[in-house]
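Undergrad: Structure: final-v9.csv, CSV, C-alpha atoms.
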chain,number,residue,atom,x,y,z
A,221,MET,CA,0.0,0.0,0.0
A,222,TYR,CA,1.4,3.3,-1.0
A,223,GLU,CA,-1.7,5.2,0.1
A,224,MET,CA,-1.3,7.7,2.9
A,225,VAL,CA,-3.0,6.5,6.0
A,226,ASN,CA,-4.1,9.2,8.5
A,227,ILE,CA,-5.6,9.0,12.0
A,228,GLY,CA,-7.3,12.2,12.9
A,229,SER,CA,-5.1,15.1,11.8
A,230,TYR,CA,-2.0,12.9,12.1
A,231,SER,CA,-0.1,10.5,9.9
A,232,PHE,CA,-0.3,6.9,11.0
A,233,GLU,CA,3.4,7.1,12.1
A,234,GLU,CA,2.8,10.4,14.0
A,235,TYR,CA,-0.1,8.9,15.8
A,236,LEU,CA,1.9,5.8,16.8
A,237,GLU,CA,4.5,8.1,18.3
A,238,MET,CA,1.8,10.0,20.3
A,239,VAL,CA,0.4,6.6,21.5
A,240,GLU,CA,3.8,5.4,22.7
A,241,PHE,CA,4.5,8.7,24.6
A,242,PHE,CA,1.1,8.9,26.2
A,243,HIS,CA,0.0,5.2,26.7
A,244,GLY,CA,3.5,3.8,27.2
A,245,ALA,CA,3.5,1.4,24.3
A,246,VAL,CA,2.0,1.0,20.8
A,247,ALA,CA,-0.9,-1.1,22.0
A,248,PRO,CA,-3.0,-2.7,19.2
A,249,GLY,CA,-6.1,-1.5,21.0
A,250,LEU,CA,-5.0,2.1,20.5
A,251,VAL,CA,-4.2,1.6,16.8
A,252,LEU,CA,-7.7,0.1,16.2
A,253,GLY,CA,-9.2,2.7,18.5
A,254,GLY,CA,-7.5,5.5,16.6
A,255,PHE,CA,-9.3,4.4,13.4
A,256,MET,CA,-12.6,4.1,15.2
A,257,VAL,CA,-12.3,7.6,16.8
A,258,ASP,CA,-11.3,9.0,13.4
A,259,LEU,CA,-14.4,7.4,11.8
A,260,ALA,CA,-16.7,8.8,14.5
A,261,ILE,CA,-15.2,12.3,14.1
A,262,GLY,CA,-15.8,12.2,10.4
A,263,ARG,CA,-19.5,11.4,10.9
A,264,ILE,CA,-20.2,14.2,13.4
A,265,SER,CA,-21.2,17.8,12.4
A,266,GLU,CA,-18.1,19.9,12.2
A,267,GLY,CA,-17.8,22.5,15.0
A,268,ALA,CA,-20.2,20.6,17.3
A,269,LEU,CA,-19.2,20.7,21.0
A,270,LEU,CA,-18.5,17.0,21.7
A,271,ASP,CA,-18.7,14.7,24.6
A,272,ALA,CA,-17.5,11.1,24.3
A,273,ILE,CA,-18.4,7.7,25.8
A,274,SER,CA,-16.1,4.7,25.8
A,275,GLU,CA,-17.9,1.4,26.4
A,276,THR,CA,-14.7,-0.2,27.6
A,277,ARG,CA,-12.0,0.9,30.1
A,278,THR,CA,-9.3,-0.8,28.1
A,279,CYS,CA,-7.2,1.2,25.6
A,280,LEU,CA,-10.0,2.9,23.8
A,281,PRO,CA,-10.3,5.8,26.3
A,282,ASP,CA,-6.7,6.8,25.5
A,283,ALA,CA,-7.4,7.0,21.7
A,284,ILE,CA,-10.4,9.3,22.5
A,285,GLN,CA,-8.2,11.4,24.8
A,286,LEU,CA,-5.5,11.8,22.2
A,287,LEU,CA,-7.7,12.5,19.2
A,288,THR,CA,-10.6,14.6,20.7
A,289,PRO,CA,-10.9,17.4,23.2
A,290,CYS,CA,-12.6,15.0,25.6
A,291,THR,CA,-10.6,13.8,28.6
A,292,ILE,CA,-11.4,12.1,31.9
A,293,GLY,CA,-10.3,15.2,33.8
A,294,ASN,CA,-12.4,17.7,31.9
A,295,GLY,CA,-15.4,15.4,32.2
A,296,TRP,CA,-16.2,15.3,28.4
A,297,LEU,CA,-15.2,11.6,28.3
A,298,LYS,CA,-17.2,9.1,30.3
A,299,VAL,CA,-16.3,5.5,30.6
A,300,PHE,CA,-19.1,3.0,30.9
A,301,ASP,CA,-17.5,-0.4,31.5
A,302,LEU,CA,-19.7,-2.5,29.3
A,303,GLY,CA,-16.9,-4.7,27.9
A,304,ARG,CA,-17.6,-3.6,24.3
A,305,PHE,CA,-14.9,-2.1,22.2
A,306,ALA,CA,-17.1,0.7,21.0
A,307,LEU,CA,-17.4,4.5,21.5
A,308,SER,CA,-19.8,7.3,20.9
A,309,LEU,CA,-19.2,10.9,20.1
A,310,TYR,CA,-22.2,13.2,20.6
A,311,GLU,CA,-23.3,16.8,20.7
A,312,LYS,CA,-23.1,17.5,24.4
A,313,LYS,CA,-26.3,19.5,24.8
A,314,GLU,CA,-28.8,17.5,22.8
A,315,GLY,CA,-27.1,14.1,23.1
A,316,ARG,CA,-27.4,13.2,19.4
A,317,GLY,CA,-24.3,11.5,17.9
A,318,VAL,CA,-22.7,8.5,16.4
A,319,ARG,CA,-21.5,5.2,17.8
A,320,VAL,CA,-18.7,3.2,16.2
A,321,TYR,CA,-18.3,-0.5,17.0
A,322,LEU,CA,-16.6,-3.6,15.7
A,323,ASP,CA,-18.4,-5.4,13.0
A,324,THR,CA,-17.4,-9.0,13.7
A,325,LYS,CA,-18.7,-10.2,10.2
A,326,LYS,CA,-16.0,-8.1,8.6
A,327,LEU,CA,-13.2,-9.6,10.7
A,328,GLU,CA,-13.0,-12.8,8.7
A,329,SER,CA,-10.6,-11.2,6.2
A,330,TRP,CA,-8.2,-10.2,9.0
A,331,PRO,CA,-7.3,-13.4,10.8
A,332,GLU,CA,-4.6,-11.7,13.0
A,333,ILE,CA,-7.0,-9.0,14.2
A,334,LYS,CA,-9.7,-11.6,14.9
A,335,SER,CA,-7.2,-13.8,16.7
A,336,TRP,CA,-6.0,-10.9,18.9
A,337,LEU,CA,-9.6,-9.7,19.6
A,338,PHE,CA,-10.9,-13.1,20.6
A,339,LYS,CA,-7.6,-14.1,22.2
A,340,LEU,CA,-7.4,-17.3,20.1
A,341,LYS,CA,-3.6,-17.5,20.5
A,342,PRO,CA,-1.5,-17.1,23.6
A,343,LYS,CA,0.1,-13.7,23.7
A,344,THR,CA,3.6,-15.2,23.1
A,345,GLU,CA,2.4,-16.6,19.7
A,346,GLN,CA,0.9,-13.3,18.5
A,347,ASP,CA,2.7,-11.7,15.5
A,348,LYS,CA,2.5,-8.1,16.5
A,349,ASP,CA,4.0,-6.7,13.3
A,350,LEU,CA,1.5,-8.7,11.2
A,351,LEU,CA,-1.3,-7.5,13.6
A,352,LEU,CA,-0.4,-3.9,13.2
A,353,ALA,CA,0.0,-4.3,9.5
A,354,GLN,CA,-3.5,-5.8,9.2
A,355,MET,CA,-4.9,-3.0,11.4
A,356,LYS,CA,-3.3,-0.4,9.2
A,357,GLU,CA,-4.6,-2.0,6.0
A,358,ALA,CA,-8.1,-2.7,7.4
A,359,GLY,CA,-8.4,0.8,8.8
A,360,ASN,CA,-12.0,1.5,9.8
A,361,GLY,CA,-13.2,-1.2,7.3
A,362,ILE,CA,-14.0,-3.5,10.2
A,363,CYS,CA,-16.2,-1.0,12.0
A,364,GLY,CA,-19.8,-0.2,11.9
A,365,VAL,CA,-21.5,3.1,12.6
A,366,GLN,CA,-24.9,3.8,14.3
A,367,SER,CA,-26.7,7.0,15.1
A,368,VAL,CA,-27.3,7.3,18.9
A,369,GLN,CA,-29.3,9.4,21.3
A,370,ILE,CA,-27.8,9.6,24.8
A,371,GLN,CA,-30.2,9.2,27.7
A,372,PRO,CA,-31.0,12.6,29.3
A,373,GLN,CA,-29.7,11.7,32.8
A,374,TYR,CA,-26.2,11.5,31.3
A,375,LEU,CA,-26.4,14.9,29.7
A,376,MET,CA,-26.7,16.9,32.9
A,377,LYS,CA,-23.5,18.5,34.3
A,378,GLN,CA,-22.9,17.3,37.8
A,379,SER,CA,-21.9,20.2,40.0
A,380,LEU,CA,-19.9,19.5,43.1
A,381,GLY,CA,-22.0,22.0,45.0
A,382,LYS,CA,-21.0,23.5,48.3
A,383,ILE,CA,-17.5,22.5,49.6
A,384,ALA,CA,-16.6,22.2,53.3
A,385,VAL,CA,-13.9,20.8,55.4
A,386,CYS,CA,-14.4,17.2,56.5
A,387,SER,CA,-14.4,17.0,60.3
A,388,GLU,CA,-12.5,13.7,60.2
A,389,CYS,CA,-9.6,14.2,57.6
A,390,SER,CA,-9.7,18.0,57.5
A,391,GLU,CA,-9.7,18.0,53.7
A,392,PRO,CA,-12.2,19.9,51.4
A,393,TYR,CA,-15.1,17.7,50.2
A,394,PRO,CA,-18.6,18.2,48.6
A,395,VAL,CA,-21.1,18.7,51.4
A,396,LYS,CA,-23.7,16.7,49.4
A,397,ASP,CA,-21.6,13.6,50.1
A,398,GLY,CA,-22.7,13.6,53.8
A,399,ILE,CA,-21.5,14.8,57.2
A,400,ILE,CA,-18.0,13.5,56.5
A,401,CYS,CA,-16.3,12.8,53.2
A,402,ARG,CA,-16.8,9.6,51.2
A,403,GLY,CA,-13.1,8.7,51.9
A,404,CYS,CA,-13.8,8.8,55.7
A,405,GLN,CA,-17.1,7.0,55.2
A,406,GLY,CA,-15.0,3.9,54.3
A,407,GLU,CA,-14.7,4.2,50.5
A,408,ALA,CA,-11.0,5.0,50.4
A,409,PRO,CA,-8.9,2.2,48.8
A,410,TYR,CA,-6.2,2.4,51.5
A,411,VAL,CA,-5.3,0.1,54.4
A,412,SER,CA,-6.2,2.3,57.4
A,413,GLY,CA,-3.6,4.2,59.4
A,414,LEU,CA,-2.1,6.8,57.0
A,415,THR,CA,1.2,8.1,58.2
A,416,ALA,CA,2.2,11.7,57.7
A,417,VAL,CA,5.4,12.2,55.7
A,418,ASP,CA,7.3,15.5,55.9
A,419,ALA,CA,6.3,17.4,52.7
A,420,GLY,CA,10.0,18.2,52.7
A,421,PRO,CA,12.4,20.7,51.5
A,422,GLU,CA,10.5,21.5,48.3
A,423,GLU,CA,7.8,23.1,50.4
A,424,SER,CA,7.8,26.8,49.6
A,425,SER,CA,8.1,29.3,52.5
A,426,ALA,CA,4.9,31.3,52.1
B,189,MET,CA,10.0,35.6,42.1
B,190,TYR,CA,12.9,35.0,39.7
B,191,GLU,CA,13.2,31.4,40.8
B,192,MET,CA,12.6,28.8,38.1
B,193,VAL,CA,9.4,26.9,38.8
B,194,ASN,CA,9.2,23.3,37.3
B,195,ILE,CA,6.4,20.8,37.2
B,196,GLY,CA,7.7,17.3,36.5
B,197,SER,CA,10.4,17.6,33.9
B,198,TYR,CA,8.8,20.7,32.4
B,199,SER,CA,9.0,24.4,33.0
B,200,PHE,CA,5.9,25.9,34.5
B,201,GLU,CA,5.1,27.5,31.1
B,202,GLU,CA,5.7,24.3,29.1
B,203,TYR,CA,3.4,22.5,31.5
B,204,LEU,CA,0.7,25.1,31.0
B,205,GLU,CA,1.0,24.6,27.2
B,206,MET,CA,0.6,20.8,27.6
B,207,VAL,CA,-2.4,21.4,29.8
B,208,GLU,CA,-4.1,23.7,27.3
B,209,PHE,CA,-3.5,21.2,24.4
B,210,PHE,CA,-4.7,18.2,26.3
B,211,HIS,CA,-7.3,19.5,28.7
B,212,GLY,CA,-8.7,22.3,26.5
B,213,ALA,CA,-7.9,25.1,28.9
B,214,VAL,CA,-5.5,26.2,31.6
B,215,ALA,CA,-7.8,25.0,34.4
B,216,PRO,CA,-6.6,26.0,37.9
B,217,GLY,CA,-7.2,22.4,39.0
B,218,LEU,CA,-4.5,21.2,36.6
B,219,VAL,CA,-2.0,23.8,37.8
B,220,LEU,CA,-2.5,22.8,41.4
B,221,GLY,CA,-2.7,19.1,40.4
B,222,GLY,CA,0.6,19.5,38.5
B,223,PHE,CA,2.4,20.6,41.7
B,224,MET,CA,0.7,17.7,43.6
B,225,VAL,CA,1.8,15.0,41.1
B,226,ASP,CA,5.3,16.5,41.0
B,227,LEU,CA,5.5,16.3,44.8
B,228,ALA,CA,4.3,12.7,44.8
B,229,ILE,CA,6.8,11.7,42.1
B,230,GLY,CA,9.6,13.2,44.2
B,231,ARG,CA,8.6,11.0,47.2
B,232,ILE,CA,8.5,7.7,45.4
B,233,SER,CA,11.5,5.5,44.8
B,234,GLU,CA,13.0,6.2,41.4
B,235,GLY,CA,12.5,3.5,38.9
B,236,ALA,CA,9.5,2.0,40.7
B,237,LEU,CA,6.7,0.7,38.4
B,238,LEU,CA,3.9,3.1,39.4
B,239,ASP,CA,0.2,2.9,39.5
B,240,ALA,CA,-1.9,6.0,40.4
B,241,ILE,CA,-5.2,6.7,42.1
B,242,SER,CA,-7.1,10.0,41.8
B,243,GLU,CA,-9.6,10.6,44.6
B,244,THR,CA,-11.6,13.0,42.4
B,245,ARG,CA,-12.8,12.8,38.8
B,246,THR,CA,-12.3,16.5,38.3
B,247,CYS,CA,-9.1,17.9,36.7
B,248,LEU,CA,-6.6,15.9,38.8
B,249,PRO,CA,-6.8,12.7,36.6
B,250,ASP,CA,-5.5,14.8,33.7
B,251,ALA,CA,-2.5,16.1,35.6
B,252,ILE,CA,-1.7,12.5,36.5
B,253,GLN,CA,-2.0,11.4,32.9
B,254,LEU,CA,0.2,14.2,31.6
B,255,LEU,CA,3.0,13.8,34.2
B,256,THR,CA,3.2,10.0,34.9
B,257,PRO,CA,3.0,6.9,32.6
B,258,CYS,CA,-0.4,6.2,34.2
B,259,THR,CA,-3.5,6.7,32.0
B,260,ILE,CA,-7.1,5.5,32.1
B,261,GLY,CA,-6.7,3.4,29.0
B,262,ASN,CA,-3.6,1.6,30.2
B,263,GLY,CA,-5.2,0.9,33.5
B,264,TRP,CA,-2.4,2.3,35.6
B,265,LEU,CA,-4.6,5.2,36.7
B,266,LYS,CA,-7.8,4.5,38.7
B,267,VAL,CA,-10.4,7.1,39.6
B,268,PHE,CA,-12.1,6.7,43.0
B,269,ASP,CA,-14.8,9.4,43.0
B,270,LEU,CA,-14.4,10.3,46.7
B,271,GLY,CA,-14.7,14.1,46.1
B,272,ARG,CA,-11.2,14.8,47.6
B,273,PHE,CA,-8.6,16.6,45.6
B,274,ALA,CA,-5.9,14.1,46.4
B,275,LEU,CA,-3.9,11.5,44.6
B,276,SER,CA,-1.7,8.5,45.4
B,277,LEU,CA,1.2,7.0,43.5
B,278,TYR,CA,2.3,3.5,44.5
B,279,GLU,CA,4.5,0.7,43.5
B,280,LYS,CA,2.0,-1.5,41.5
B,281,LYS,CA,2.9,-4.9,42.9
B,282,GLU,CA,3.2,-4.3,46.7
B,283,GLY,CA,0.9,-1.3,46.8
B,284,ARG,CA,3.1,0.9,49.0
B,285,GLY,CA,3.3,4.5,48.1
B,286,VAL,CA,2.5,8.1,48.9
B,287,ARG,CA,-0.7,10.2,49.0
B,288,VAL,CA,-0.6,13.9,48.4
B,289,TYR,CA,-3.5,16.0,49.7
B,290,LEU,CA,-4.5,19.6,50.3
B,291,ASP,CA,-3.6,20.9,53.7
B,292,THR,CA,-6.4,23.3,54.5
B,293,LYS,CA,-4.5,24.9,57.4
B,294,LYS,CA,-1.9,26.1,54.9
B,295,LEU,CA,-4.4,27.8,52.7
B,296,GLU,CA,-4.9,30.9,54.9
B,297,SER,CA,-1.9,32.6,53.2
B,298,TRP,CA,-3.4,32.1,49.8
B,299,PRO,CA,-6.9,33.8,49.8
B,300,GLU,CA,-7.5,33.4,46.1
B,301,ILE,CA,-6.7,29.7,46.2
B,302,LYS,CA,-8.9,29.2,49.2
B,303,SER,CA,-11.7,31.2,47.6
B,304,TRP,CA,-11.5,29.1,44.4
B,305,LEU,CA,-11.4,25.8,46.2
B,306,PHE,CA,-14.3,26.5,48.6
B,307,LYS,CA,-16.2,28.4,45.9
B,308,LEU,CA,-16.5,31.5,48.1
B,309,LYS,CA,-17.0,33.8,45.1
B,310,PRO,CA,-19.1,33.5,42.0
B,311,LYS,CA,-16.9,32.3,39.1
B,312,THR,CA,-17.4,35.7,37.3
B,313,GLU,CA,-15.7,37.5,40.3
B,314,GLN,CA,-12.7,35.2,40.4
B,315,ASP,CA,-9.4,36.8,39.4
B,316,LYS,CA,-7.9,34.0,37.4
B,317,ASP,CA,-4.5,35.7,36.9
B,318,LEU,CA,-4.1,36.2,40.6
B,319,LEU,CA,-5.3,32.7,41.3
B,320,LEU,CA,-2.7,31.2,38.9
B,321,ALA,CA,0.0,33.6,40.3
B,322,GLN,CA,-0.8,32.4,43.9
B,323,MET,CA,-0.7,28.8,42.7
B,324,LYS,CA,2.6,29.2,41.0
B,325,GLU,CA,4.1,30.9,44.2
B,326,ALA,CA,2.5,28.5,46.6
B,327,GLY,CA,3.6,25.5,44.6
B,328,ASN,CA,3.4,22.3,46.7
B,329,GLY,CA,3.5,24.4,49.9
B,330,ILE,CA,-0.2,23.9,50.5
B,331,CYS,CA,0.0,20.1,50.3
B,332,GLY,CA,0.6,17.4,52.7
B,333,VAL,CA,2.1,13.9,52.1
B,334,GLN,CA,1.2,10.6,53.7
B,335,SER,CA,2.5,7.1,53.2
B,336,VAL,CA,-0.2,4.7,52.1
B,337,GLN,CA,-0.7,1.0,51.6
B,338,ILE,CA,-3.3,0.1,48.9
B,339,GLN,CA,-5.8,-2.6,49.8
B,340,PRO,CA,-4.9,-5.9,48.1
B,341,GLN,CA,-8.1,-6.2,46.1
B,342,TYR,CA,-7.2,-3.1,44.1
B,343,LEU,CA,-3.7,-4.5,43.2
B,344,MET,CA,-4.9,-7.5,41.2
B,345,LYS,CA,-5.0,-7.1,37.5
B,346,GLN,CA,-8.4,-7.7,36.1
B,347,SER,CA,-8.3,-9.9,33.0
B,348,LEU,CA,-11.2,-9.7,30.6
B,349,GLY,CA,-11.1,-13.5,30.3
B,350,LYS,CA,-12.7,-15.4,27.4
B,351,ILE,CA,-14.2,-13.2,24.6
B,352,ALA,CA,-17.3,-14.3,22.6
B,353,VAL,CA,-19.8,-12.7,20.3
B,354,CYS,CA,-22.9,-11.4,22.0
B,355,SER,CA,-26.0,-13.1,20.6
B,356,GLU,CA,-28.0,-9.9,20.8
B,357,CYS,CA,-25.7,-7.1,19.4
B,358,SER,CA,-23.2,-9.4,17.6
B,359,GLU,CA,-20.3,-7.6,19.2
B,360,PRO,CA,-17.3,-9.1,21.1
B,361,TYR,CA,-17.8,-9.1,24.9
B,362,PRO,CA,-16.3,-10.8,27.9
B,363,VAL,CA,-18.1,-14.1,28.6
B,364,LYS,CA,-17.8,-13.5,32.4
B,365,ASP,CA,-20.4,-10.7,32.0
B,366,GLY,CA,-23.2,-13.1,31.3
B,367,ILE,CA,-25.1,-14.8,28.4
B,368,ILE,CA,-25.4,-11.5,26.6
B,369,CYS,CA,-23.1,-8.4,27.0
B,370,ARG,CA,-23.7,-5.7,29.7
B,371,GLY,CA,-24.8,-3.3,27.0
B,372,CYS,CA,-27.6,-5.6,26.0
B,373,GLN,CA,-28.4,-6.3,29.6
B,374,GLY,CA,-29.6,-2.7,29.8
B,375,GLU,CA,-26.5,-0.8,31.0
B,376,ALA,CA,-25.9,1.1,27.8
B,377,PRO,CA,-26.4,4.9,28.1
B,378,TYR,CA,-28.4,5.1,24.9
B,379,VAL,CA,-32.1,5.6,24.2
B,380,SER,CA,-33.1,2.3,22.6
B,381,GLY,CA,-33.3,1.9,18.8
B,382,LEU,CA,-29.8,2.4,17.4
B,383,THR,CA,-30.0,3.1,13.7
B,384,ALA,CA,-27.3,1.8,11.3
B,385,VAL,CA,-25.4,4.5,9.4
B,386,ASP,CA,-23.4,3.7,6.3
B,387,ALA,CA,-19.8,3.4,7.4
B,388,GLY,CA,-19.2,5.3,4.2
B,389,PRO,CA,-16.6,5.8,1.5
B,390,GLU,CA,-13.7,5.7,3.9
B,391,GLU,CA,-14.3,2.0,4.4
B,392,SER,CA,-11.4,0.1,2.9
B,393,SER,CA,-12.1,-2.7,0.4
B,394,ALA,CA,-10.6,-5.7,2.0
Could you show the structure in this file as structure tokens?
TA:
Amino acid sequence: MYEMVNIGSYSFEEYLEMVEFFHGAVAPGLVLGGFMVDLAIGRISEGALLDAISETRTCLPDAIQLLTPCTIGNGWLKVFDLGRFALSLYEKKEGRGVRVYLDTKKLESWPEIKSWLFKLKPKTEQDKDLLLAQMKEAGNGICGVQSVQIQPQYLMKQSLGKIAVCSECSEPYPVKDGIICRGCQGEAPYVSGLTAVDAGPEESSA
Amino acid sequence: MYEMVNIGSYSFEEYLEMVEFFHGAVAPGLVLGGFMVDLAIGRISEGALLDAISETRTCLPDAIQLLTPCTIGNGWLKVFDLGRFALSLYEKKEGRGVRVYLDTKKLESWPEIKSWLFKLKPKTEQDKDLLLAQMKEAGNGICGVQSVQIQPQYLMKQSLGKIAVCSECSEPYPVKDGIICRGCQGEAPYVSGLTAVDAGPEESSA
């Protein structure tokens, strides 16, 4: 193939470099995910203010974060852990948009992609070069597109509301969470008994 | 202040540029978050394989994704929505690490930061330049550090297990989720009745 392959506004190779920098490795899921996000962007009205949904927590959220303005921290990307390698981009106010998914019928022509996706071979027997070559050639040709309407409860912006100091840990927390913060209510992922560590010499003298 | 201020391996100004590119705006939460992540990195053994926890879904996850190898898509960053502006970095196998949080006692010297954090003024009355200047000067001086041990159940890598085709939507899904995928079990965020859209001319001819 001498055809130029692009993902978003990047060349295929530029995109792989971004993936390696951000995600830590050229994971096949980000290559496939890049083509899927690119396809979704192309099906959405230009200039629309976008929100995104990833239906898996694996790999795909990073392709969305690299190729769209939507990130976890700005709240424009939401992850619904449905176990499906699919995403939606939608206009954030009305919730109308497109969903891109894997069309398993189209996978038969790409045995290495199918084998990777369904884990038909142990990881040690995978041919990663062949896998990436098939992904580059298949592009978005193994995807399907649907129009979607997001349920209204997911379109509302959740405000943190009033902030106060938790009487237990003395940290700021949203009052709506209760009389103490959710961490002190037992939801923190730590073994109890946190030990203070000197914030150290880097601390500025205010 | 003529002192050079750095965040991670970046100058303060380089970091702000990265924030604007990735997050879409120079959000105060990412500036503060940058200093917090930087402080945590400095307290962790060099060369340790790190995982990260953000205790809020607002802003802080993006500072972590920009300054560490941990992202949502590679699974090394987990978000626990506890409403606290705090993060932990920890050695991924043993779960020992550090937690950086806001020390509210230290906020009294920084009225604009305090006012922003506790939402004491309407957003329109905030002085963003002053806020960012105070954050740059305060640096990590408004933070505290604790040593933490992550609970063992959060240290195990969750494998997707066997993948099959869902008999309802025909998409690949983890068999452990049930006889049909979680999307088809009613967890999808869409109004029902997805309409197929032609994947279009970009589709490659395999």
Undergrad: Determine, using only C-alpha atoms, which residues of chain B have any atom at most 6 Å from an atom of chain A, and tabulate each with its shortest atom pair and distance in Å to one decimal place, rows ordered by chain and then rising number, as CSV.
TA:
residue,atom,partner,partner_atom,distance
B:Thr246,CA,A:Gly293,CA,5.1
B:Cys247,CA,A:Gly293,CA,4.1
B:Pro249,CA,A:Gly293,CA,5.1
B:Asp250,CA,A:Gly293,CA,4.8
B:Gly261,CA,A:Cys279,CA,4.1
B:Asn262,CA,A:Cys279,CA,5.9
B:Leu270,CA,A:Arg402,CA,5.1
B:Gly271,CA,A:Tyr393,CA,5.5
B:Arg272,CA,A:Tyr393,CA,5.5
B:Phe306,CA,A:Ile383,CA,5.2
B:Asn328,CA,A:Glu423,CA,5.8
B:Gly329,CA,A:Glu423,CA,4.5
B:Gly332,CA,A:Ala419,CA,5.7
B:Val333,CA,A:Val417,CA,5.2
B:Gln334,CA,A:Ala416,CA,4.3
B:Ser335,CA,A:Thr415,CA,5.3
B:Val336,CA,A:Leu414,CA,5.7
B:Gln337,CA,A:Val411,CA,5.5
B:Ile338,CA,A:Tyr410,CA,4.5
B:Gln339,CA,A:Tyr410,CA,5.3
B:Ile351,CA,A:Phe338,CA,5.2
B:Tyr361,CA,A:Gly303,CA,5.4
B:Arg370,CA,A:Leu302,CA,5.1
B:Gly371,CA,A:Leu302,CA,5.7
B:Pro377,CA,A:Gln371,CA,5.8
B:Tyr378,CA,A:Ile370,CA,4.5
B:Val379,CA,A:Gln371,CA,5.4
B:Leu382,CA,A:Val368,CA,5.7
B:Thr383,CA,A:Gln366,CA,5.2
B:Ala384,CA,A:Gln366,CA,4.3
B:Val385,CA,A:Gln366,CA,5.0
B:Ala387,CA,A:Val365,CA,5.5
B:Glu391,CA,A:Gly361,CA,4.5
B:Ser392,CA,A:Gly361,CA,4.9
Undergrad: Take CA of Met224 in chain B and CA of Lys309 in chain B and report the distance between them in Å, one decimal.
TA: 24.0 Å
Undergrad: Suppose you want the space between CA of Leu343 in chain B and CA of Gly285 in chain B; what is it in Å?
TA: 12.4 Å
Undergrad: Please put the answer as lines of an AutoDock Vina configuration file: centre and edge lengths, in Å with one decimal, of a box along x, y and z that encloses all listed atoms of range 340-349 of chain A plus 6 Å on each side.
TA:
center_x = -1.7
center_y = -12.1
center_z = 18.5
size_x = 23.4
size_y = 22.8
size_z = 22.4
Undergrad: Would you mind reading off the distance between CA of Thr312 in chain B and CA of Ser379 in chain A, one decimal, in Å?
TA: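 It comes out at 16.4 Å.
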Undergrad: As a list of chain:residue names, please: the residues near Lys324 in chain B (cut-off 12 Å, only C-alpha atoms, same-chain neighbours under 5 positions excluded).
TA: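 My reading of the contact set: A:Ser424, A:Ala426, B:Met189, B:Tyr190, B:Glu191, B:Met192, B:Val193, B:Asn194, B:Ile195, B:Ser199, B:Phe200, B:Glu201, B:Tyr203, B:Leu204, B:Pro216, B:Leu218, B:Val219, B:Leu220, B:Gly221, B:Gly222, B:Phe223, B:Met224, B:Trp298, B:Ile301, B:Asp317, B:Leu318, B:Leu319, B:Gly329, B:Ile330.
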